[in-house]
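J.: For reference, this is model.txt, and it has compact mmCIF, C-alpha atoms.
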```
# COMPACT_ATOMS: atom_id res chain seq x y z
CA MET G 1 -85.10 -54.32 -73.25
CA THR G 2 -86.69 -56.02 -70.26
CA PHE G 3 -85.18 -59.11 -68.63
CA SER G 4 -86.63 -61.80 -66.39
CA ASP G 5 -85.37 -64.65 -64.21
CA GLU G 6 -86.43 -67.01 -66.99
CA THR G 7 -84.21 -65.12 -69.45
CA ILE G 8 -81.29 -65.39 -67.06
CA ARG G 9 -81.82 -69.12 -66.58
CA GLY G 10 -81.96 -69.68 -70.32
CA LEU G 11 -78.77 -67.72 -70.92
CA ARG G 12 -76.94 -69.52 -68.11
CA GLU G 13 -77.89 -72.91 -69.59
CA ALA G 14 -76.69 -71.78 -73.01
CA VAL G 15 -73.38 -70.58 -71.52
CA GLN G 16 -72.88 -73.94 -69.80
CA LEU G 17 -73.31 -75.69 -73.17
CA THR G 18 -70.94 -73.29 -75.01
CA PRO G 19 -68.62 -71.79 -72.35
CA ASP G 20 -66.32 -70.20 -74.93
CA ASN G 21 -69.14 -68.27 -76.61
CA ILE G 22 -68.07 -64.71 -75.66
CA PRO G 23 -71.08 -62.86 -77.18
CA LEU G 24 -73.39 -65.17 -75.23
CA ARG G 25 -71.53 -64.49 -71.98
CA GLN G 26 -71.70 -60.77 -72.67
CA ALA G 27 -75.46 -61.05 -73.29
CA LEU G 28 -75.83 -62.81 -69.93
CA ALA G 29 -73.87 -60.04 -68.20
CA GLN G 30 -76.04 -57.42 -69.93
CA ALA G 31 -79.20 -59.19 -68.77
CA LEU G 32 -77.91 -59.37 -65.19
CA GLY G 33 -77.03 -55.69 -65.28
CA GLY G 34 -80.46 -54.87 -66.67
CA MET G 35 -81.95 -56.46 -63.55
CA GLY G 36 -79.60 -54.57 -61.25
CA ARG G 37 -77.58 -57.68 -60.40
CA TRP G 38 -74.27 -55.95 -61.09
CA ASP G 39 -72.15 -58.14 -58.82
CA GLU G 40 -73.18 -61.21 -60.82
CA ALA G 41 -72.64 -59.31 -64.07
CA GLU G 42 -69.13 -58.39 -62.93
CA SER G 43 -68.36 -62.03 -62.15
CA GLU G 44 -69.57 -63.17 -65.60
CA LEU G 45 -67.52 -60.49 -67.35
CA ARG G 46 -64.36 -61.47 -65.48
CA ASP G 47 -64.92 -65.09 -66.48
CA ALA G 48 -65.36 -64.01 -70.10
CA LEU G 49 -62.19 -61.90 -69.97
CA ASN G 50 -60.30 -64.89 -68.68
CA ARG G 51 -61.18 -66.55 -72.01
CA ALA G 52 -60.70 -63.43 -74.16
CA PRO G 53 -58.31 -61.10 -72.25
CA ASN G 54 -57.91 -58.61 -75.11
CA ASN G 55 -61.60 -58.10 -75.82
CA ALA G 56 -62.18 -54.33 -75.63
CA ASP G 57 -65.98 -54.65 -75.46
CA LEU G 58 -65.73 -56.93 -72.42
CA LYS G 59 -63.39 -54.49 -70.68
CA LEU G 60 -65.79 -51.61 -71.34
CA SER G 61 -68.68 -53.67 -69.96
CA LEU G 62 -66.60 -54.52 -66.89
CA ALA G 63 -65.84 -50.82 -66.37
CA ARG G 64 -69.58 -50.09 -66.49
CA ALA G 65 -70.30 -52.83 -63.97
CA SER G 66 -67.53 -51.53 -61.70
CA MET G 67 -69.00 -48.02 -61.87
CA GLN G 68 -72.45 -49.34 -60.92
CA LEU G 69 -70.90 -51.14 -57.93
CA GLY G 70 -69.22 -47.92 -56.79
CA LYS G 71 -65.74 -49.16 -57.70
CA THR G 72 -64.75 -45.91 -59.39
CA SER G 73 -60.98 -46.36 -59.12
CA GLN G 74 -61.20 -49.85 -60.61
CA ALA G 75 -63.35 -48.59 -63.49
CA ILE G 76 -60.90 -45.77 -64.20
CA VAL G 77 -57.94 -48.18 -64.26
CA ILE G 78 -59.74 -50.44 -66.75
CA LEU G 79 -60.64 -47.53 -69.03
CA GLU G 80 -57.15 -46.04 -68.86
CA SER G 81 -55.70 -49.41 -69.90
CA LEU G 82 -58.06 -49.39 -72.89
CA ILE G 83 -57.07 -45.86 -73.84
CA ASP G 84 -53.34 -46.59 -73.43
CA THR G 85 -53.59 -49.52 -75.86
CA ARG G 86 -55.55 -47.38 -78.34
CA SER G 87 -58.39 -49.88 -78.32
CA ALA G 88 -60.95 -47.60 -76.69
CA SER G 89 -64.24 -46.93 -78.43
CA GLY G 90 -66.04 -43.60 -78.34
CA ALA G 91 -68.30 -45.01 -75.62
CA ALA G 92 -65.23 -45.84 -73.51
CA TYR G 93 -63.98 -42.25 -73.71
CA VAL G 94 -67.42 -40.92 -72.76
CA LEU G 95 -67.67 -43.27 -69.77
CA TYR G 96 -64.16 -42.23 -68.75
CA ALA G 97 -65.26 -38.58 -68.98
CA ARG G 98 -68.24 -39.28 -66.70
CA LEU G 99 -65.99 -40.89 -64.07
CA LEU G 100 -63.49 -38.01 -64.26
CA PHE G 101 -66.36 -35.55 -63.80
CA GLN G 102 -67.51 -37.47 -60.71
CA GLU G 103 -63.95 -37.22 -59.37
CA GLY G 104 -64.02 -33.42 -59.81
CA ARG G 105 -61.59 -33.39 -62.76
CA THR G 106 -63.88 -31.34 -64.97
CA ALA G 107 -61.34 -30.04 -67.49
CA ASP G 108 -60.01 -33.56 -68.10
CA ALA G 109 -63.59 -34.82 -68.44
CA VAL G 110 -64.32 -32.25 -71.16
CA ALA G 111 -61.18 -33.25 -73.10
CA GLN G 112 -61.95 -36.99 -72.91
CA TYR G 113 -65.59 -36.45 -73.86
CA ARG G 114 -64.56 -34.55 -76.99
CA LEU G 115 -62.18 -37.38 -77.96
CA GLY G 116 -65.03 -39.87 -77.55
CA VAL G 117 -67.39 -37.90 -79.77
CA GLU G 118 -64.67 -37.48 -82.39
CA GLU G 119 -64.25 -41.26 -82.35
CA ASP G 120 -67.99 -41.97 -82.52
CA GLU G 121 -70.76 -39.37 -82.89
CA GLY G 122 -73.22 -41.98 -81.67
CA ALA G 123 -71.53 -42.00 -78.25
CA ARG G 124 -72.92 -38.55 -77.40
CA ASP G 125 -74.51 -38.21 -73.94
CA PRO G 126 -76.74 -35.09 -73.89
CA ASN G 127 -77.08 -35.16 -70.10
CA LEU G 128 -73.30 -35.28 -69.57
CA GLU G 129 -72.81 -32.60 -72.23
CA SER G 130 -75.18 -30.35 -70.31
CA GLN G 131 -73.33 -30.95 -67.02
CA LEU G 132 -69.99 -30.21 -68.64
CA GLY G 133 -71.31 -27.24 -70.60
CA ILE G 134 -70.00 -28.62 -73.89
CA ASP G 135 -70.97 -26.51 -76.93
CA ALA G 136 -73.16 -24.46 -74.59
CA VAL G 137 -75.31 -21.69 -76.00
CA ALA G 138 -74.85 -18.10 -74.97
CA GLY G 139 -77.32 -18.23 -72.08
CA ASN G 140 -75.77 -21.19 -70.27
CA ASP G 141 -73.92 -20.71 -66.97
CA VAL G 142 -71.34 -23.40 -67.73
CA VAL G 143 -69.17 -23.48 -70.85
CA ASP G 144 -66.76 -26.38 -71.44
CA GLY G 145 -66.48 -27.12 -67.73
CA ARG G 146 -66.05 -23.48 -66.65
CA LEU G 147 -68.51 -21.13 -65.00
CA ARG G 148 -69.37 -18.26 -67.30
CA GLU G 149 -68.53 -14.84 -65.88
CA SER G 150 -71.82 -13.03 -65.29
CA TRP G 151 -70.28 -9.67 -66.21
CA ASP G 152 -68.28 -11.01 -69.13
CA ILE G 153 -67.70 -8.30 -71.75
CA GLY G 154 -67.65 -9.82 -75.19
CA GLY G 155 -66.76 -13.23 -73.83
CA GLU G 156 -63.09 -12.38 -73.38
CA ALA G 157 -62.62 -12.16 -69.61
CA GLY G 158 -61.02 -15.03 -67.74
CA GLY G 159 -62.97 -17.29 -65.43
CA ALA G 160 -62.70 -20.71 -63.86
CA GLU G 161 -64.87 -23.31 -62.26
CA VAL G 162 -65.85 -22.69 -58.64
CA GLU G 163 -65.54 -26.06 -56.94
CA ARG G 164 -66.89 -27.14 -53.56
CA PRO G 165 -64.31 -29.73 -52.49
CA LYS G 166 -65.33 -32.45 -50.05
CA LEU G 167 -61.73 -33.22 -49.14
CA LYS G 168 -60.63 -32.52 -45.57
CA PHE G 169 -57.21 -32.45 -43.91
CA SER G 170 -57.92 -35.95 -42.64
CA ASP G 171 -57.86 -37.11 -46.28
CA VAL G 172 -54.34 -35.75 -46.76
CA GLY G 173 -51.56 -37.99 -45.48
CA GLY G 174 -48.71 -36.39 -43.49
CA MET G 175 -47.75 -32.68 -43.80
CA SER G 176 -48.75 -31.90 -40.21
CA HIS G 177 -46.51 -28.79 -40.05
CA VAL G 178 -47.95 -27.35 -43.27
CA LYS G 179 -51.52 -28.09 -42.13
CA GLU G 180 -50.83 -26.29 -38.85
CA GLU G 181 -49.51 -23.19 -40.62
CA ILE G 182 -52.50 -23.10 -42.97
CA SER G 183 -54.86 -23.54 -40.02
CA ILE G 184 -53.37 -20.54 -38.23
CA LYS G 185 -53.05 -18.29 -41.26
CA ILE G 186 -56.08 -19.29 -43.34
CA LEU G 187 -58.64 -21.25 -41.34
CA ALA G 188 -58.55 -19.66 -37.88
CA PRO G 189 -59.67 -16.18 -39.08
CA LEU G 190 -62.77 -17.70 -40.63
CA LYS G 191 -63.55 -20.01 -37.72
CA HIS G 192 -63.06 -17.26 -35.09
CA PRO G 193 -63.88 -13.97 -36.88
CA GLU G 194 -64.80 -12.20 -33.63
CA LEU G 195 -61.28 -12.62 -32.23
CA TYR G 196 -59.64 -11.28 -35.37
CA LYS G 197 -62.11 -8.41 -35.55
CA ALA G 198 -61.28 -7.47 -31.96
CA TYR G 199 -57.64 -7.06 -32.99
CA GLY G 200 -58.52 -5.32 -36.23
CA LYS G 201 -57.11 -8.10 -38.38
CA ALA G 202 -58.90 -9.04 -41.61
CA ALA G 203 -59.57 -12.62 -42.66
CA GLY G 204 -57.55 -13.41 -45.77
CA GLY G 205 -54.01 -13.37 -46.98
CA GLY G 206 -51.71 -15.65 -48.87
CA ILE G 207 -49.47 -18.69 -48.50
CA LEU G 208 -46.90 -19.82 -51.04
CA MET G 209 -46.13 -23.53 -50.95
CA TYR G 210 -43.01 -24.82 -52.64
CA GLY G 211 -41.23 -28.13 -52.94
CA PRO G 212 -40.69 -31.05 -55.30
CA PRO G 213 -43.56 -31.98 -57.64
CA GLY G 214 -46.06 -34.60 -56.61
CA CYS G 215 -45.94 -33.92 -52.86
CA GLY G 216 -49.57 -32.87 -52.47
CA LYS G 217 -49.56 -29.09 -52.77
CA THR G 218 -52.65 -28.97 -54.99
CA TYR G 219 -54.38 -31.69 -52.96
CA LEU G 220 -53.72 -29.74 -49.76
CA ALA G 221 -55.11 -26.54 -51.28
CA ARG G 222 -58.37 -28.32 -52.12
CA ALA G 223 -58.53 -29.79 -48.62
CA THR G 224 -58.10 -26.27 -47.19
CA ALA G 225 -61.27 -25.16 -48.96
CA GLY G 226 -63.04 -28.36 -47.89
CA GLU G 227 -62.16 -27.78 -44.22
CA ILE G 228 -64.24 -24.60 -44.11
CA GLY G 229 -66.77 -25.32 -46.85
CA ALA G 230 -65.32 -22.54 -48.99
CA GLY G 231 -65.36 -22.22 -52.75
CA PHE G 232 -62.22 -23.28 -54.58
CA ILE G 233 -60.91 -21.82 -57.83
CA ALA G 234 -57.92 -23.57 -59.37
CA VAL G 235 -56.00 -21.25 -61.68
CA GLY G 236 -53.55 -22.54 -64.27
CA ILE G 237 -51.37 -20.41 -66.51
CA ASN G 238 -53.78 -20.94 -69.43
CA ASP G 239 -56.55 -19.31 -67.41
CA VAL G 240 -54.54 -16.09 -67.27
CA LEU G 241 -52.00 -15.75 -70.06
CA ASP G 242 -53.24 -14.36 -73.37
CA MET G 243 -51.39 -13.38 -76.53
CA TRP G 244 -53.18 -10.02 -76.74
CA ILE G 245 -51.76 -7.16 -74.70
CA GLY G 246 -53.97 -6.28 -71.72
CA ASN G 247 -56.05 -9.48 -71.79
CA SER G 248 -53.84 -11.33 -69.29
CA GLU G 249 -54.27 -8.54 -66.74
CA ARG G 250 -58.00 -8.50 -67.40
CA ASN G 251 -58.22 -12.28 -66.95
CA LEU G 252 -56.40 -12.03 -63.62
CA ASN G 253 -58.75 -9.29 -62.44
CA ALA G 254 -61.75 -11.42 -63.45
CA LEU G 255 -60.47 -14.37 -61.39
CA PHE G 256 -59.99 -12.25 -58.26
CA ASP G 257 -63.43 -10.67 -58.74
CA GLN G 258 -64.95 -14.14 -59.14
CA ALA G 259 -63.34 -15.17 -55.83
CA ARG G 260 -64.64 -12.03 -54.14
CA ARG G 261 -68.19 -12.78 -55.31
CA ASN G 262 -67.94 -16.33 -53.92
CA ARG G 263 -66.26 -15.61 -50.59
CA PRO G 264 -65.17 -17.34 -48.52
CA CYS G 265 -63.14 -18.65 -51.39
CA VAL G 266 -59.71 -20.22 -51.84
CA LEU G 267 -58.02 -18.90 -54.97
CA PHE G 268 -55.27 -21.35 -55.86
CA PHE G 269 -52.51 -20.53 -58.34
CA ASP G 270 -50.60 -23.53 -59.63
CA GLU G 271 -47.19 -22.98 -61.25
CA ALA G 272 -47.07 -19.56 -59.65
CA ASP G 273 -43.55 -18.96 -60.98
CA ALA G 274 -45.02 -18.75 -64.52
CA LEU G 275 -47.22 -15.81 -63.46
CA GLY G 276 -45.02 -14.17 -60.86
CA SER G 277 -41.50 -14.38 -62.31
CA ARG G 278 -38.88 -11.88 -61.26
CA ARG G 279 -39.43 -8.62 -63.12
CA SER G 280 -35.65 -8.19 -63.38
CA ASP G 281 -35.57 -11.36 -65.52
CA MET G 282 -38.16 -10.08 -67.99
CA ASN G 283 -37.46 -8.36 -71.26
CA SER G 284 -41.05 -7.43 -72.08
CA GLY G 285 -43.10 -4.69 -70.49
CA HIS G 286 -46.16 -6.91 -70.93
CA GLY G 287 -44.76 -9.41 -68.40
CA ARG G 288 -43.98 -6.66 -65.90
CA GLN G 289 -47.52 -5.30 -66.25
CA LEU G 290 -48.94 -8.72 -65.40
CA ILE G 291 -46.80 -8.89 -62.23
CA ASN G 292 -47.90 -5.40 -61.23
CA GLN G 293 -51.54 -6.39 -61.77
CA PHE G 294 -51.05 -9.53 -59.66
CA LEU G 295 -49.54 -7.49 -56.82
CA SER G 296 -52.33 -4.90 -57.07
CA GLU G 297 -55.00 -7.62 -56.86
CA MET G 298 -53.35 -9.19 -53.80
CA ASP G 299 -53.20 -5.79 -52.12
CA GLY G 300 -56.94 -5.35 -52.76
CA VAL G 301 -56.43 -2.02 -54.53
CA ASP G 302 -59.58 -2.43 -56.66
CA GLY G 303 -61.60 -4.61 -54.31
CA ASN G 304 -61.89 -5.87 -50.74
CA ASN G 305 -60.05 -9.20 -50.39
CA GLU G 306 -61.44 -10.11 -46.97
CA GLY G 307 -62.53 -13.74 -47.12
CA VAL G 308 -60.43 -14.38 -50.23
CA LEU G 309 -57.71 -16.85 -49.32
CA VAL G 310 -54.88 -16.97 -51.82
CA LEU G 311 -52.77 -20.10 -52.02
CA ALA G 312 -50.07 -20.71 -54.58
CA ALA G 313 -47.77 -23.58 -55.41
CA THR G 314 -44.49 -23.67 -57.25
CA ASN G 315 -41.63 -26.04 -57.87
CA ALA G 316 -39.27 -23.11 -58.48
CA PRO G 317 -39.69 -20.44 -55.75
CA TRP G 318 -36.34 -18.91 -56.71
CA HIS G 319 -37.94 -17.57 -59.91
CA ILE G 320 -40.73 -15.66 -58.11
CA ASP G 321 -40.47 -11.90 -57.71
CA PRO G 322 -39.45 -11.01 -54.11
CA ALA G 323 -42.26 -8.42 -53.97
CA PHE G 324 -44.75 -11.28 -53.59
CA ARG G 325 -43.30 -12.12 -50.18
CA ARG G 326 -44.05 -8.76 -48.60
CA PRO G 327 -46.59 -8.60 -45.71
CA GLY G 328 -50.17 -8.92 -46.85
CA ARG G 329 -49.21 -10.92 -49.93
CA PHE G 330 -47.52 -14.34 -49.73
CA ASP G 331 -46.15 -13.57 -46.28
CA ARG G 332 -45.97 -17.28 -45.41
CA VAL G 333 -43.63 -19.33 -47.59
CA LEU G 334 -43.96 -23.01 -46.70
CA PHE G 335 -41.70 -25.84 -47.76
CA VAL G 336 -43.71 -28.97 -48.63
CA PRO G 337 -41.21 -31.82 -48.44
CA PRO G 338 -41.70 -35.43 -49.44
CA PRO G 339 -43.73 -37.18 -46.73
CA ASP G 340 -41.90 -38.52 -43.69
CA LEU G 341 -42.11 -42.13 -42.45
CA GLU G 342 -45.47 -41.68 -40.71
CA GLY G 343 -46.78 -39.61 -43.61
CA ARG G 344 -45.83 -42.26 -46.17
CA ALA G 345 -47.55 -44.96 -44.11
CA GLU G 346 -50.67 -42.78 -43.83
CA ILE G 347 -50.70 -42.01 -47.57
CA LEU G 348 -50.42 -45.69 -48.45
CA ARG G 349 -53.20 -46.48 -45.99
CA LEU G 350 -55.44 -43.83 -47.57
CA GLN G 351 -54.60 -44.99 -51.09
CA LEU G 352 -55.57 -48.56 -50.21
CA THR G 353 -58.85 -47.63 -48.53
CA ASP G 354 -61.78 -49.58 -50.02
CA LYS G 355 -59.42 -51.81 -52.01
CA PRO G 356 -59.40 -55.56 -51.29
CA GLN G 357 -56.30 -56.31 -49.23
CA GLU G 358 -54.75 -58.76 -46.84
CA THR G 359 -53.09 -57.54 -43.64
CA ILE G 360 -50.61 -54.88 -44.73
CA ASP G 361 -47.63 -53.68 -42.68
CA PHE G 362 -47.68 -50.04 -43.73
CA LYS G 363 -44.69 -49.07 -41.59
CA THR G 364 -42.48 -51.64 -43.34
CA LEU G 365 -43.63 -50.35 -46.72
CA ALA G 366 -42.97 -46.77 -45.61
CA LYS G 367 -39.39 -47.66 -44.66
CA LYS G 368 -38.82 -48.90 -48.21
CA THR G 369 -40.03 -45.64 -49.79
CA ASP G 370 -37.75 -42.95 -48.35
CA GLY G 371 -37.77 -39.89 -50.63
CA PHE G 372 -40.96 -40.93 -52.42
CA SER G 373 -43.47 -38.18 -53.13
CA GLY G 374 -47.20 -38.66 -52.63
CA ALA G 375 -47.52 -39.11 -56.40
CA ASP G 376 -44.80 -41.79 -56.31
CA LEU G 377 -46.73 -43.66 -53.60
CA LYS G 378 -49.94 -43.44 -55.63
CA SER G 379 -48.01 -44.88 -58.56
CA VAL G 380 -46.92 -47.80 -56.35
CA VAL G 381 -50.53 -48.62 -55.49
CA ASP G 382 -51.67 -48.18 -59.10
CA ILE G 383 -48.97 -50.59 -60.34
CA ALA G 384 -49.93 -53.18 -57.73
CA VAL G 385 -53.63 -52.85 -58.64
CA GLU G 386 -52.89 -53.16 -62.37
CA HIS G 387 -51.00 -56.41 -61.77
CA LYS G 388 -53.93 -57.75 -59.74
CA LEU G 389 -56.38 -56.75 -62.48
CA ARG G 390 -54.31 -58.61 -65.08
CA ASP G 391 -54.38 -61.70 -62.88
CA ALA G 392 -58.14 -61.31 -62.37
CA PHE G 393 -58.73 -61.00 -66.12
CA ARG G 394 -56.83 -64.26 -66.58
CA THR G 395 -58.36 -66.27 -63.72
CA GLY G 396 -61.73 -64.60 -63.38
CA ILE G 397 -61.22 -64.43 -59.61
CA PRO G 398 -60.17 -61.11 -58.01
CA GLN G 399 -57.56 -61.54 -55.29
CA PRO G 400 -56.73 -59.08 -52.47
CA LEU G 401 -53.56 -57.00 -52.56
CA THR G 402 -50.74 -58.41 -50.47
CA GLN G 403 -47.57 -57.10 -48.85
CA LYS G 404 -45.60 -58.91 -51.55
CA ASP G 405 -47.55 -57.15 -54.33
CA LEU G 406 -46.78 -53.73 -52.89
CA LEU G 407 -43.10 -54.51 -52.27
CA ALA G 408 -42.78 -55.64 -55.89
CA ALA G 409 -44.40 -52.41 -57.06
CA ILE G 410 -42.08 -50.34 -54.86
CA SER G 411 -39.04 -51.96 -56.47
CA SER G 412 -40.20 -50.74 -59.89
CA VAL G 413 -40.62 -47.07 -58.87
CA ARG G 414 -37.80 -44.57 -58.38
CA PRO G 415 -38.24 -41.41 -56.26
CA SER G 416 -39.08 -38.49 -58.52
CA THR G 417 -37.85 -35.90 -56.00
CA ARG G 418 -34.08 -36.39 -56.41
CA GLU G 419 -33.71 -34.14 -59.44
CA TRP G 420 -35.56 -31.30 -57.70
CA PHE G 421 -33.34 -31.49 -54.62
CA SER G 422 -30.18 -31.39 -56.72
CA THR G 423 -31.33 -28.00 -58.06
CA ALA G 424 -32.79 -26.74 -54.77
CA ARG G 425 -29.51 -27.50 -52.94
CA ASN G 426 -27.64 -24.86 -54.97
CA TYR G 427 -30.24 -22.16 -54.29
CA ALA G 428 -30.46 -23.09 -50.59
CA ILE G 429 -26.69 -22.78 -50.20
CA TYR G 430 -25.88 -19.79 -52.42
CA SER G 431 -29.11 -17.76 -52.75
CA ASN G 432 -30.78 -18.14 -49.37
CA GLU G 433 -31.92 -14.53 -49.02
CA GLY G 434 -33.46 -13.93 -45.60
CA GLY G 435 -33.28 -17.64 -44.77
CA VAL G 436 -36.26 -18.48 -47.00
CA TYR G 437 -34.73 -21.88 -47.89
CA ASP G 438 -33.60 -22.86 -44.39
CA ASP G 439 -36.17 -25.66 -44.35
CA VAL G 440 -34.63 -27.17 -47.48
CA LEU G 441 -31.19 -27.20 -45.81
CA LYS G 442 -32.65 -28.83 -42.70
CA TYR G 443 -34.28 -31.50 -44.82
CA LEU G 444 -31.04 -32.21 -46.70
CA LYS G 445 -29.09 -32.54 -43.44
CA ARG G 446 -31.53 -34.94 -41.80
```
Could you express the structure from this file as structure tokens?
T.:
Amino acid sequence: MTFSDETIRGLREAVQLTPDNIPLRQALAQALGGMGRWDEAESELRDALNRAPNNADLKLSLARASMQLGKTSQAIVILESLIDTRSASGAAYVLYARLLFQEGRTADAVAQYRLGVEEDEGARDPNLESQLGIDAVAGNDVVDGRLRESWDIGGEAGGAEVERPKLKFSDVGGMSHVKEEISIKILAPLKHPELYKAYGKAAGGGILMYGPPGCGKTYLARATAGEIGAGFIAVGINDVLDMWIGNSERNLNALFDQARRNRPCVLFFDEADALGSRRSDMNSGHGRQLINQFLSEMDGVDGNNEGVLVLAATNAPWHIDPAFRRPGRFDRVLFVPPPDLEGRAEILRLQLTDKPQETIDFKTLAKKTDGFSGADLKSVVDIAVEHKLRDAFRTGIPQPLTQKDLLAAISSVRPSTREWFSTARNYAIYSNEGGVYDDVLKYLKR
């Protein structure tokens, strides 16, 4: 449908005569959007939502307008509120999938897209399906968000998406010590290969990061790849573990081979304790075989690992087999603590970038959030934004975030790291073999 200025004028006059006519206001917003006047469309939709705050169609239209204006975070918040209240249409799920895909969360995008199509077959988006590789035919390179292995035998071998993260260390708040260690161990060999070659040292190796959940271990791993323009393969336990004997080892080999073909490449193992548990704790030979395969791959027995950078994260390092900490494997074990005062202020500043705000005293906010993880701080900002969105739906006028809004949000969030430290304390005191948990003790004594 084509729209003109005359159409807009007519619709505006009609709205003035019947201001509570929601379908008419939505038609005006649609016409404005059709002419590329998305800021005006957004304003009309907010006014309409002020009159009908529970209208799911208006919220979906506002999410679309927000996406067109580049307000991705705002659009995601609106769609998540729809999904949480179970009032989302199939189109809402599909739009949510598109935004998740733009954010690099491909697996989540696939899941949400499938939910949308189950809700409404008419919501299908062939272009997005092609990008996500949904229901791909045998010749496609991408299947359900994953890159197909070119040498795949019978479709059984493991594989994962090779990302090209745009994140840099500057996008990660705090963690200066961990960044420095990664720079020396991981980045320097690739930035100065001639120096390492002169000393006969290969570029590669592994770092195991541990600490409470939500403190940015995965985010930091992506930023590591982004710093050097390397490929990034995120490996979860479902990418490796298989019920059939031998398939888990084969999947692991496929992932390492995929990293070798895409070097330089960061191969990141999340929940590493699930794949590298102590062999003495295992009853099955199958589990021990998987550990042996993992160690063999890290040693490069069946392939050259130069340029393959292995990072792993765990919340339970005490469950990982000690053999992984031998030289040439995870020979750097780094404690990733909750962010310090400066780190918390920096994280809050980054989280609030591009969001409307009054003058914010980040240092004062940081002092109120001792022990908060990066995820806890993101939750603070999300809660404050959600409250502002509710107010905007009611008044039709978006207001900037204030110090008071953020302080109120902080009061409703409790640090999620306390439970982890209560467990870690016992291991740091009674099972501190070789001083591996000295950093935890230092943190607890601060």
J.: Can you tell me, as a list in words, what residues are no more than 7 Å from Ala428 of chain G when counting all atoms listed in the file, ignoring any on the same chain fewer than 6 positions away?
T.: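 After dropping sequence-adjacent residues, the list is Tyr437, Asp438, Val440 and Leu441 of chain G.
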J.: Record the distance separating atom CA of Asp39 of chain G and atom CA of Lys355 of chain G, expressed in Å with one decimal.
T.: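 Atom-to-atom, atom CA of Asp39 of chain G to atom CA of Lys355 of chain G, that is 15.8 Å.
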J.: Would you write out, as CSV, a table of all residues in segment 37-101 of chain G that have an atom no more than 12 Å from an atom of segment 13-19 of chain G, listing for each the closest atom pair and the distance in Å to one decimal, considering only C-alpha atoms and ordering rows by chain and rising residue number?
T.:
```
residue,atom,partner,partner_atom,distance
G:Glu44,CA,G:Val15,CA,10.2
G:Asp47,CA,G:Pro19,CA,9.6
G:Ala48,CA,G:Pro19,CA,8.7
G:Asn50,CA,G:Pro19,CA,11.4
G:Arg51,CA,G:Pro19,CA,9.1
G:Ala52,CA,G:Pro19,CA,11.7
```
J.: Within 6 Å of segment 121-130 of chain G, counting all atoms listed in the file, which residues qualify if same-chain residues fewer than 2 places away don't, as an mmCIF file with C-alpha atoms, keeping the file's coordinate frame?
T.:
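This went into part.cif:
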```
data_model
loop_
_atom_site.group_PDB
_atom_site.id
_atom_site.type_symbol
_atom_site.label_atom_id
_atom_site.label_comp_id
_atom_site.auth_asym_id
_atom_site.auth_seq_id
_atom_site.Cartn_x
_atom_site.Cartn_y
_atom_site.Cartn_z
ATOM 1 C CA GLY G 90 -66.040 -43.600 -78.340
ATOM 2 C CA ALA G 91 -68.300 -45.010 -75.620
ATOM 3 C CA VAL G 117 -67.390 -37.900 -79.770
ATOM 4 C CA LEU G 132 -69.990 -30.210 -68.640
ATOM 5 C CA GLY G 133 -71.310 -27.240 -70.600
ATOM 6 C CA ILE G 134 -70.000 -28.620 -73.890
#
```
J.: Could you name the residues that touch segment 375-389 of chain G at 8 Å or less, counting all atoms listed in the file, but leaving out those on the same chain fewer than 6 positions away, as an NGL selection string?
T.: :G and (77 or 214-216 or 344 or 347-348 or 351-352 or 369 or 398-401 or 405-406 or 408-410 or 413-416)
J.: Find the distance between atom CA of Gln30 of chain G and atom CA of Leu99 of chain G and write it in Å to one decimal.
T.: 20.2 Å
J.: So which residues touch Phe393 of chain G within 7 Å, counting only C-alpha atoms, skipping near sequence neighbours fewer than 2 positions away, as a PyMOL selection string?
T.: chain G and resi 46+49-50+53+389-391+395-396
J.: Given all atoms listed in the file as the basis, pick out the residue of G:Asp108, G:Asp299, G:Asp340, G:Asp354 nearest to Ser373 of chain G.
T.: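 Looking at the shortest contact to Ser373 of chain G, the residue is G:Asp340.
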J.: Taking every listed atom of segment 119-126 of chain G and adding 6 Å to each side, what centre and edge lengths in Å (one decimal) does the axis-aligned box have, as JSON?
T.:
```
{"center_x": -70.5, "center_y": -38.5, "center_z": -78.4, "size_x": 24.5, "size_y": 18.9, "size_z": 21.0}
```
J.: Which is closer to Phe268 of chain G than all the others in G:Phe232, G:Tyr443, G:Phe324, G:Phe256, using only C-alpha atoms?
T.: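 Among G:Phe232, G:Tyr443, G:Phe324, G:Phe256, it is G:Phe232 that comes nearest to Phe268 of chain G.
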J.: For Ala312 of chain G, which of G:Asp257, G:Asp239, G:Glu119, G:Glu271 is the closest residue, counting all atoms listed in the file?
T.: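 Selected residue with least distance to Ala312 of chain G: G:Glu271.
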J.: Using only C-alpha atoms, which residue out of G:Arg98, G:Lys363, G:Arg425, G:Lys404 lies closest to Leu444 of chain G?
T.: G:Arg425
J.: Under the rule that all atoms listed in the file are counted, which of G:Pro212, G:Gln68, G:Val235, G:Ala221 is the nearest residue to Gly371 of chain G?
T.: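 Counting all atoms listed in the file, the residue closest to Gly371 of chain G is G:Pro212.
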J.: Is it possible to get the residues within 8 Å of (-50.1, -23.7, -50.5) (coordinates as in the file, counting all atoms listed in the file) written as an MDAnalysis selection string?
T.: chainID G and resid 182 207:210 217:218 220:221 268 311:313 334
